[in-house]
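> This is my_file-v4.cif, which holds mmCIF, C-alpha atoms:
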```cif
data_protein
loop_
_atom_site.label_atom_id
_atom_site.label_comp_id
_atom_site.auth_asym_id
_atom_site.auth_seq_id
_atom_site.Cartn_x
_atom_site.Cartn_y
_atom_site.Cartn_z
CA MET M 1 0.00 0.00 0.00
CA PHE M 2 2.85 2.40 0.82
CA SER M 3 4.41 1.81 -2.60
CA HIS M 4 1.07 2.61 -4.22
CA TRP M 5 0.91 6.05 -2.60
CA VAL M 6 4.54 6.72 -3.52
CA ARG M 7 3.82 5.94 -7.17
CA THR M 8 0.62 8.01 -7.11
CA GLY M 9 2.53 10.95 -5.62
CA LEU M 10 5.13 10.74 -8.38
CA VAL M 11 2.37 10.81 -11.02
CA VAL M 12 0.79 13.92 -9.50
CA ALA M 13 4.19 15.61 -9.14
CA ALA M 14 5.01 14.85 -12.77
CA LEU M 15 1.76 16.42 -13.92
CA ALA M 16 2.31 19.49 -11.74
CA GLY M 17 5.74 20.04 -13.31
CA LEU M 18 4.58 19.93 -16.90
CA PRO M 19 3.94 23.68 -17.35
CA ALA M 20 7.58 24.46 -16.63
CA LEU M 21 8.68 21.92 -19.22
CA ALA M 22 6.35 23.07 -21.98
CA GLY M 23 6.68 26.84 -21.54
CA ALA M 24 4.37 29.46 -22.96
CA GLN M 25 4.57 28.25 -26.53
CA ASP M 26 1.09 29.34 -27.61
CA LYS M 27 -1.93 31.22 -26.36
CA GLU M 28 -4.32 28.29 -26.37
CA LYS M 29 -5.95 27.15 -23.15
CA LYS M 30 -3.45 25.04 -21.23
CA VAL M 31 -5.65 22.97 -18.91
CA ASP M 32 -8.93 21.20 -19.70
CA VAL M 33 -11.26 19.50 -17.23
CA GLU M 34 -13.25 16.47 -18.31
CA PHE M 35 -15.92 14.21 -16.88
CA GLY M 36 -18.21 11.54 -18.23
CA GLY M 37 -19.35 7.95 -17.93
CA GLY M 38 -20.81 4.97 -19.71
CA GLY M 39 -20.62 1.20 -19.84
CA SER M 40 -17.64 -1.05 -19.22
CA LEU M 41 -17.18 -4.41 -20.91
CA PRO M 42 -15.06 -7.02 -19.09
CA LEU M 43 -12.82 -9.13 -21.33
CA GLY M 44 -10.80 -12.34 -21.07
CA GLY M 45 -10.93 -14.12 -17.74
CA THR M 46 -12.62 -11.11 -16.14
CA ALA M 47 -15.63 -11.61 -18.46
CA LYS M 48 -16.05 -15.15 -17.11
CA ALA M 49 -16.56 -13.77 -13.61
CA VAL M 50 -18.44 -10.47 -13.95
CA SER M 51 -21.12 -8.92 -16.16
CA ILE M 52 -21.09 -5.64 -18.10
CA GLY M 53 -20.84 -2.73 -15.67
CA GLY M 54 -21.09 1.03 -15.53
CA SER M 55 -18.38 3.62 -15.00
CA ILE M 56 -17.73 7.29 -14.30
CA ILE M 57 -14.56 9.20 -15.21
CA GLY M 58 -12.94 12.52 -14.39
CA GLY M 59 -9.65 14.06 -15.34
CA LEU M 60 -7.33 16.95 -16.10
CA ASP M 61 -5.63 17.46 -19.47
CA TYR M 62 -2.54 19.63 -19.75
CA ASN M 63 -2.06 20.79 -23.36
CA ALA M 64 1.70 20.59 -23.78
CA SER M 65 1.34 21.61 -27.43
CA ARG M 66 -1.45 22.12 -29.91
CA LYS M 67 -1.58 18.40 -30.73
CA VAL M 68 -0.19 16.69 -27.62
CA ALA M 69 -1.66 16.67 -24.12
CA VAL M 70 -0.84 14.90 -20.87
CA GLN M 71 -3.81 13.59 -18.95
CA LEU M 72 -4.37 12.56 -15.35
CA GLN M 73 -7.56 10.49 -15.24
CA TYR M 74 -9.59 8.69 -12.56
CA GLN M 75 -12.28 6.09 -13.19
CA TYR M 76 -14.66 4.16 -10.96
CA SER M 77 -16.57 1.20 -12.38
CA ARG M 78 -18.83 -1.40 -10.78
CA TYR M 79 -19.93 -4.86 -11.95
CA ASP M 80 -22.25 -7.67 -10.85
CA VAL M 81 -20.65 -11.05 -10.30
CA LYS M 82 -22.10 -13.79 -12.49
CA GLY M 83 -24.39 -16.26 -10.77
CA ASN M 84 -23.09 -19.60 -12.08
CA LEU M 85 -19.53 -19.60 -10.78
CA PHE M 86 -19.89 -21.74 -7.65
CA ASP M 87 -21.99 -24.79 -6.87
CA VAL M 88 -24.06 -23.15 -4.14
CA THR M 89 -27.76 -22.42 -3.63
CA LEU M 90 -27.41 -18.65 -3.41
CA TYR M 91 -24.70 -16.05 -3.25
CA ASP M 92 -24.44 -12.27 -3.63
CA ALA M 93 -21.26 -10.54 -4.73
CA ASN M 94 -20.08 -7.43 -6.54
CA HIS M 95 -16.87 -6.18 -8.07
CA ALA M 96 -15.49 -2.62 -8.29
CA MET M 97 -12.49 -1.33 -10.20
CA GLN M 98 -10.79 2.06 -9.91
CA TYR M 99 -7.69 3.52 -11.48
CA ILE M 100 -5.46 6.58 -11.57
CA ASP M 101 -3.70 6.80 -14.94
CA LEU M 102 -1.21 9.19 -16.49
CA ASN M 103 -1.80 9.29 -20.27
CA ILE M 104 -0.58 10.91 -23.46
CA ILE M 105 -3.27 12.20 -25.84
CA ILE M 106 -2.43 12.84 -29.48
CA ALA M 107 -4.97 14.85 -31.51
CA PRO M 108 -3.86 15.19 -35.15
CA ARG M 109 -6.11 18.22 -35.74
CA GLY M 110 -5.40 19.86 -32.40
CA HIS M 111 -6.92 19.48 -28.95
CA HIS M 112 -9.44 22.26 -29.41
CA GLU M 113 -10.60 21.10 -32.84
CA ASN M 114 -13.25 18.61 -33.91
CA GLY M 115 -11.82 15.24 -34.81
CA PRO M 116 -10.23 11.99 -33.62
CA TYR M 117 -7.54 11.45 -31.02
CA LEU M 118 -5.41 8.61 -29.66
CA VAL M 119 -4.62 7.97 -26.00
CA PHE M 120 -2.21 5.66 -24.18
CA GLY M 121 -0.60 5.43 -20.77
CA GLY M 122 -0.74 3.54 -17.50
CA GLY M 123 -0.97 3.77 -13.75
CA GLU M 124 -2.33 2.20 -10.59
CA TYR M 125 -5.43 -0.03 -10.62
CA TYR M 126 -7.52 -1.03 -7.60
CA ARG M 127 -9.81 -4.07 -7.69
CA LYS M 128 -12.21 -5.04 -4.92
CA VAL M 129 -14.58 -8.01 -4.67
CA SER M 130 -17.22 -8.27 -1.94
CA ILE M 131 -19.05 -11.54 -1.23
CA THR M 132 -21.99 -10.85 1.08
CA LYS M 133 -24.00 -14.09 0.88
CA PHE M 134 -22.90 -17.70 0.33
CA GLN M 135 -25.63 -20.25 1.07
CA GLY M 136 -25.78 -23.96 0.31
CA TYR M 137 -22.02 -24.43 0.44
CA ALA M 138 -20.98 -28.10 0.58
CA GLY M 139 -17.39 -27.50 1.65
CA GLY M 140 -15.61 -27.99 -1.67
CA ALA M 141 -13.07 -25.86 -3.51
CA VAL M 142 -14.00 -22.20 -4.02
CA CYS M 143 -11.63 -20.69 -6.57
CA ASN M 144 -11.88 -17.89 -9.12
CA PRO M 145 -8.68 -15.85 -9.53
CA TRP M 146 -10.56 -12.97 -11.23
CA LEU M 147 -12.58 -12.55 -8.04
CA LEU M 148 -9.33 -12.57 -6.01
CA ILE M 149 -10.41 -15.73 -4.20
CA CYS M 150 -9.00 -19.26 -4.32
CA TYR M 151 -9.42 -21.99 -1.71
CA PRO M 152 -8.42 -25.31 -3.40
CA VAL M 153 -9.83 -27.22 -0.40
CA GLY M 154 -12.95 -26.74 1.69
CA VAL M 155 -13.03 -23.84 4.18
CA PRO M 156 -15.74 -22.42 6.47
CA VAL M 157 -18.30 -20.08 4.90
CA GLU M 158 -17.10 -17.32 7.24
CA GLN M 159 -13.73 -17.45 5.50
CA ILE M 160 -15.34 -16.98 2.07
CA LEU M 161 -17.58 -14.07 3.04
CA GLY M 162 -16.10 -10.57 3.06
CA SER M 163 -14.11 -8.25 0.83
CA ARG M 164 -10.82 -8.75 -0.98
CA SER M 165 -8.87 -6.02 -2.72
CA ARG M 166 -5.47 -5.15 -4.13
CA TRP M 167 -3.55 -2.49 -6.09
CA ASP M 168 -1.69 -3.47 -9.26
CA LEU M 169 0.04 -1.73 -12.14
CA GLY M 170 -1.63 -1.60 -15.54
CA PHE M 171 -1.79 0.21 -18.86
CA ASP M 172 -4.43 1.55 -21.24
CA VAL M 173 -4.65 2.34 -24.96
CA GLY M 174 -7.59 3.70 -26.92
CA ALA M 175 -9.11 6.24 -29.25
CA GLY M 176 -11.86 8.82 -29.27
CA MET M 177 -13.70 11.49 -31.22
CA GLN M 178 -14.58 14.95 -29.98
CA PHE M 179 -17.10 17.53 -31.21
CA GLN M 180 -17.39 21.18 -30.27
CA VAL M 181 -20.67 21.97 -28.47
CA THR M 182 -19.94 25.49 -27.21
CA ARG M 183 -17.10 27.97 -27.69
CA LYS M 184 -15.24 26.48 -24.71
CA ALA M 185 -16.53 22.89 -24.49
CA HIS M 186 -16.29 19.68 -26.50
CA ALA M 187 -18.31 16.50 -26.19
CA PHE M 188 -16.32 13.29 -26.63
CA LEU M 189 -16.91 9.60 -27.29
CA GLU M 190 -14.04 7.23 -26.56
CA THR M 191 -13.10 3.67 -25.76
CA ARG M 192 -9.98 2.29 -24.10
CA PHE M 193 -8.54 -1.14 -23.45
CA HIS M 194 -7.24 -1.52 -19.88
CA TYR M 195 -4.90 -4.33 -18.86
CA ILE M 196 -4.00 -5.01 -15.20
CA PHE M 197 -1.04 -7.14 -14.15
CA GLY M 198 -2.63 -9.37 -11.51
CA PRO M 199 -1.29 -11.89 -8.99
CA THR M 200 -0.80 -15.61 -9.59
CA PHE M 201 -3.09 -18.15 -7.88
CA ASN M 202 -2.51 -21.88 -7.45
CA THR M 203 -5.87 -23.26 -8.61
CA PRO M 204 -7.00 -26.92 -8.64
CA SER M 205 -6.25 -26.99 -12.41
CA GLY M 206 -2.84 -25.34 -12.10
CA SER M 207 -1.23 -21.92 -11.80
CA GLN M 208 -3.41 -19.05 -13.05
CA LYS M 209 -2.55 -15.35 -13.35
CA ALA M 210 -5.45 -13.05 -12.41
CA THR M 211 -4.92 -10.33 -14.98
CA GLY M 212 -7.70 -7.80 -15.45
CA GLU M 213 -9.04 -6.74 -18.84
CA TYR M 214 -11.71 -4.06 -19.36
CA LEU M 215 -13.05 -2.08 -22.32
CA PRO M 216 -15.10 0.93 -21.17
CA LEU M 217 -17.05 3.09 -23.63
CA SER M 218 -17.39 6.63 -22.31
CA VAL M 219 -19.36 9.72 -23.29
CA GLY M 220 -18.45 13.02 -21.68
CA VAL M 221 -17.55 16.67 -21.94
CA ARG M 222 -14.17 18.39 -21.95
CA PHE M 223 -13.92 22.13 -21.20
#
```
Please lay out the structure from this file as structure tokens.


Amino acid sequence: MFSHWVRTGLVVAALAGLPALAGAQDKEKKVDVEFGGGGSLPLGGTAKAVSIGGSIIGGLDYNASRKVAVQLQYQYSRYDVKGNLFDVTLYDANHAMQYIDLNIIIAPRGHHENGPYLVFGGGEYYRKVSITKFQGYAGGAVCNPWLLICYPVGVPVEQILGSRSRWDLGFDVGAGMQFQVTRKAHAFLETRFHYIFGPTFNTPSGSQKATGEYLPLSVGVRF
């Protein structure tokens, strides 16, 4: 946890120092604020464990030049856990994912123009799974790495219930399109692929790495 806050502090410090590096090279607006939200599609092993979720995003874009910006972005997304993962009568669980990413945005036509843009970067990702109900448990193996849980042998229900969470590094890459809606604001539509480097679990079928994969589609405004 301490290393997470150190890395987060370095990201914030890097963003704060960007104006000195770029200088006053043009008279365009230097900092944009953005917010939005939409749906988030889990991929890979994550899609086997959770359903399509919803997300909200917020961020700051520093326009280092007319066509290149540096972005600090936060996202929160939430997902329902699928109901056919364990051989039990009834269980309730949910999954949340958050991240703080430092990205580069490249807009071929300029950041304050209509048109497409590319984005890529990486940062710290937080995943949390909460299991609140687990009824009809027969005492067998309970293992799903993408839910951050793996007991290859039977354990008490009390050990299964509760929340599990962790921070991991990850990266994102995507593209978007923006359209001017007022003199100072643009609407945007974008999608990004997020990959999280997860831990390794020893499952009954062998070693399995719990990487996270998500593809959110966001609509928002940048001003």

> Counting all atoms listed in the file, figure out which residue out of M:Ile57, M:Ile106, M:Leu85, M:Ala210 gets nearest to Met177 in chain M.

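Distance minimum relative to Met177 in chain M lands on M:Ile106.
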
> Mind pulling up the distance from CA of Ile131 in chain M to CA of Leu169 in chain M?

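Taking CA of Leu169 in chain M as the start and CA of Ile131 in chain M as the end point, the length is 24.1 Å.
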
> Identify all residues satisfying the PyMOL selection byres ((chain M and resi 114-129) around 8) in the given file; provide them as a JSON list (two decimals) with C-alpha atoms, keeping the file's coordinate frame.


```
[["chain", "number", "residue", "atom", "x", "y", "z"],
["M", 4, "HIS", "CA", 1.07, 2.61, -4.22],
["M", 7, "ARG", "CA", 3.82, 5.94, -7.17],
["M", 8, "THR", "CA", 0.62, 8.01, -7.11],
["M", 93, "ALA", "CA", -21.26, -10.54, -4.73],
["M", 94, "ASN", "CA", -20.08, -7.43, -6.54],
["M", 95, "HIS", "CA", -16.87, -6.18, -8.07],
["M", 96, "ALA", "CA", -15.49, -2.62, -8.29],
["M", 97, "MET", "CA", -12.49, -1.33, -10.20],
["M", 98, "GLN", "CA", -10.79, 2.06, -9.91],
["M", 99, "TYR", "CA", -7.69, 3.52, -11.48],
["M", 100, "ILE", "CA", -5.46, 6.58, -11.57],
["M", 101, "ASP", "CA", -3.70, 6.80, -14.94],
["M", 102, "LEU", "CA", -1.21, 9.19, -16.49],
["M", 103, "ASN", "CA", -1.80, 9.29, -20.27],
["M", 104, "ILE", "CA", -0.58, 10.91, -23.46],
["M", 105, "ILE", "CA", -3.27, 12.20, -25.84],
["M", 106, "ILE", "CA", -2.43, 12.84, -29.48],
["M", 107, "ALA", "CA", -4.97, 14.85, -31.51],
["M", 108, "PRO", "CA", -3.86, 15.19, -35.15],
["M", 109, "ARG", "CA", -6.11, 18.22, -35.74],
["M", 112, "HIS", "CA", -9.44, 22.26, -29.41],
["M", 113, "GLU", "CA", -10.60, 21.10, -32.84],
["M", 130, "SER", "CA", -17.22, -8.27, -1.94],
["M", 131, "ILE", "CA", -19.05, -11.54, -1.23],
["M", 147, "LEU", "CA", -12.58, -12.55, -8.04],
["M", 148, "LEU", "CA", -9.33, -12.57, -6.01],
["M", 163, "SER", "CA", -14.11, -8.25, 0.83],
["M", 164, "ARG", "CA", -10.82, -8.75, -0.98],
["M", 165, "SER", "CA", -8.87, -6.02, -2.72],
["M", 166, "ARG", "CA", -5.47, -5.15, -4.13],
["M", 167, "TRP", "CA", -3.55, -2.49, -6.09],
["M", 168, "ASP", "CA", -1.69, -3.47, -9.26],
["M", 169, "LEU", "CA", 0.04, -1.73, -12.14],
["M", 170, "GLY", "CA", -1.63, -1.60, -15.54],
["M", 171, "PHE", "CA", -1.79, 0.21, -18.86],
["M", 172, "ASP", "CA", -4.43, 1.55, -21.24],
["M", 173, "VAL", "CA", -4.65, 2.34, -24.96],
["M", 174, "GLY", "CA", -7.59, 3.70, -26.92],
["M", 175, "ALA", "CA", -9.11, 6.24, -29.25],
["M", 176, "GLY", "CA", -11.86, 8.82, -29.27],
["M", 177, "MET", "CA", -13.70, 11.49, -31.22],
["M", 178, "GLN", "CA", -14.58, 14.95, -29.98],
["M", 179, "PHE", "CA", -17.10, 17.53, -31.21],
["M", 180, "GLN", "CA", -17.39, 21.18, -30.27],
["M", 196, "ILE", "CA", -4.00, -5.01, -15.20]]
```

> I want to know what sits within 12 Å of Val157 in chain M, based on all atoms listed in the file, with residues of the same chain fewer than 2 positions away left out; could you give that as a PyMOL selection string?

chain M and resi 88+91+131-142+151+154-155+159-162

> List as a list of chain:residue names the protein and nucleic acid residues near range 212-219 of chain M, meaning an atom at most 7 Å away when only C-alpha atoms are counted, but skip any in the same chain fewer than 6 places from it.

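Non-adjacent residues within range: M:Gly36, M:Gly37, M:Gly38, M:Gly39, M:Ser40, M:Leu41, M:Pro42, M:Leu43, M:Gly44, M:Thr46, M:Phe188, M:Leu189, M:Glu190, M:Thr191, M:Arg192, M:Phe193, M:His194, M:Tyr195, M:Ile196, M:Phe197, M:Gly198.
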
> Starting from the PyMOL selection byres ((chain M and resi 79) around 8), expand the selection into actual residues of this file and give them as a short mmCIF file (atom, residue, chain, number, x, y, z; two decimals) with C-alpha atoms, in the coordinates of the input.


```
data_model
loop_
_atom_site.label_atom_id
_atom_site.label_comp_id
_atom_site.auth_asym_id
_atom_site.auth_seq_id
_atom_site.Cartn_x
_atom_site.Cartn_y
_atom_site.Cartn_z
CA VAL M 50 -18.44 -10.47 -13.95
CA SER M 51 -21.12 -8.92 -16.16
CA ILE M 52 -21.09 -5.64 -18.10
CA GLY M 53 -20.84 -2.73 -15.67
CA GLY M 54 -21.09 1.03 -15.53
CA SER M 77 -16.57 1.20 -12.38
CA ARG M 78 -18.83 -1.40 -10.78
CA ASP M 80 -22.25 -7.67 -10.85
CA VAL M 81 -20.65 -11.05 -10.30
CA ASN M 94 -20.08 -7.43 -6.54
CA HIS M 95 -16.87 -6.18 -8.07
CA ALA M 96 -15.49 -2.62 -8.29
#
```

> Would you mind listing what lies within 7 Å of Phe35 in chain M as a list in words, with all atoms listed in the file counted and same-chain residues fewer than 4 positions away left out?

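Counting only the stated atoms, we get Ile57, Gly58, Gly59, Gly220, Val221 and Arg222 of chain M.
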
> In Å, with one decimal, what is the gap from CA of Lys209 in chain M to CA of Pro145 in chain M?

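Answer for the CA of Lys209 in chain M to CA of Pro145 in chain M separation: 7.2 Å.
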
> Could you state the separation of CA of Val153 in chain M and CA of Phe86 in chain M in Å, given to one decimal place?

13.6 Å

> To test your reading of the syntax: which residues would the PyMOL selection byres ((chain M and resi 184) around 10) return for the file shown? Reply as a PyMOL selection string.

chain M and resi 29+32+112+180-183+185-186+222-223

> Can you write out the residues you just picked, keeping C-alpha atoms, as a tab-separated table (two decimals), in the coordinates of the input?


```tsv
chain	number	residue	atom	x	y	z
M	29	LYS	CA	-5.95	27.15	-23.15
M	32	ASP	CA	-8.93	21.20	-19.70
M	112	HIS	CA	-9.44	22.26	-29.41
M	180	GLN	CA	-17.39	21.18	-30.27
M	181	VAL	CA	-20.67	21.97	-28.47
M	182	THR	CA	-19.94	25.49	-27.21
M	183	ARG	CA	-17.10	27.97	-27.69
M	185	ALA	CA	-16.53	22.89	-24.49
M	186	HIS	CA	-16.29	19.68	-26.50
M	222	ARG	CA	-14.17	18.39	-21.95
M	223	PHE	CA	-13.92	22.13	-21.20
```

> Between M:Pro204, M:Ala187, M:Gln75, M:Gly110, which residue has the minimum interatomic distance to Cys150 in chain M, considering only C-alpha atoms?

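Smallest distance to Cys150 in chain M is found for M:Pro204.
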
> My list of candidates is M:Gln71, M:Trp146, M:His111, M:Arg66. Which is closest to Ala47 in chain M when distances are computed with all atoms listed in the file?

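Result for the nearest residue to Ala47 in chain M: M:Trp146.
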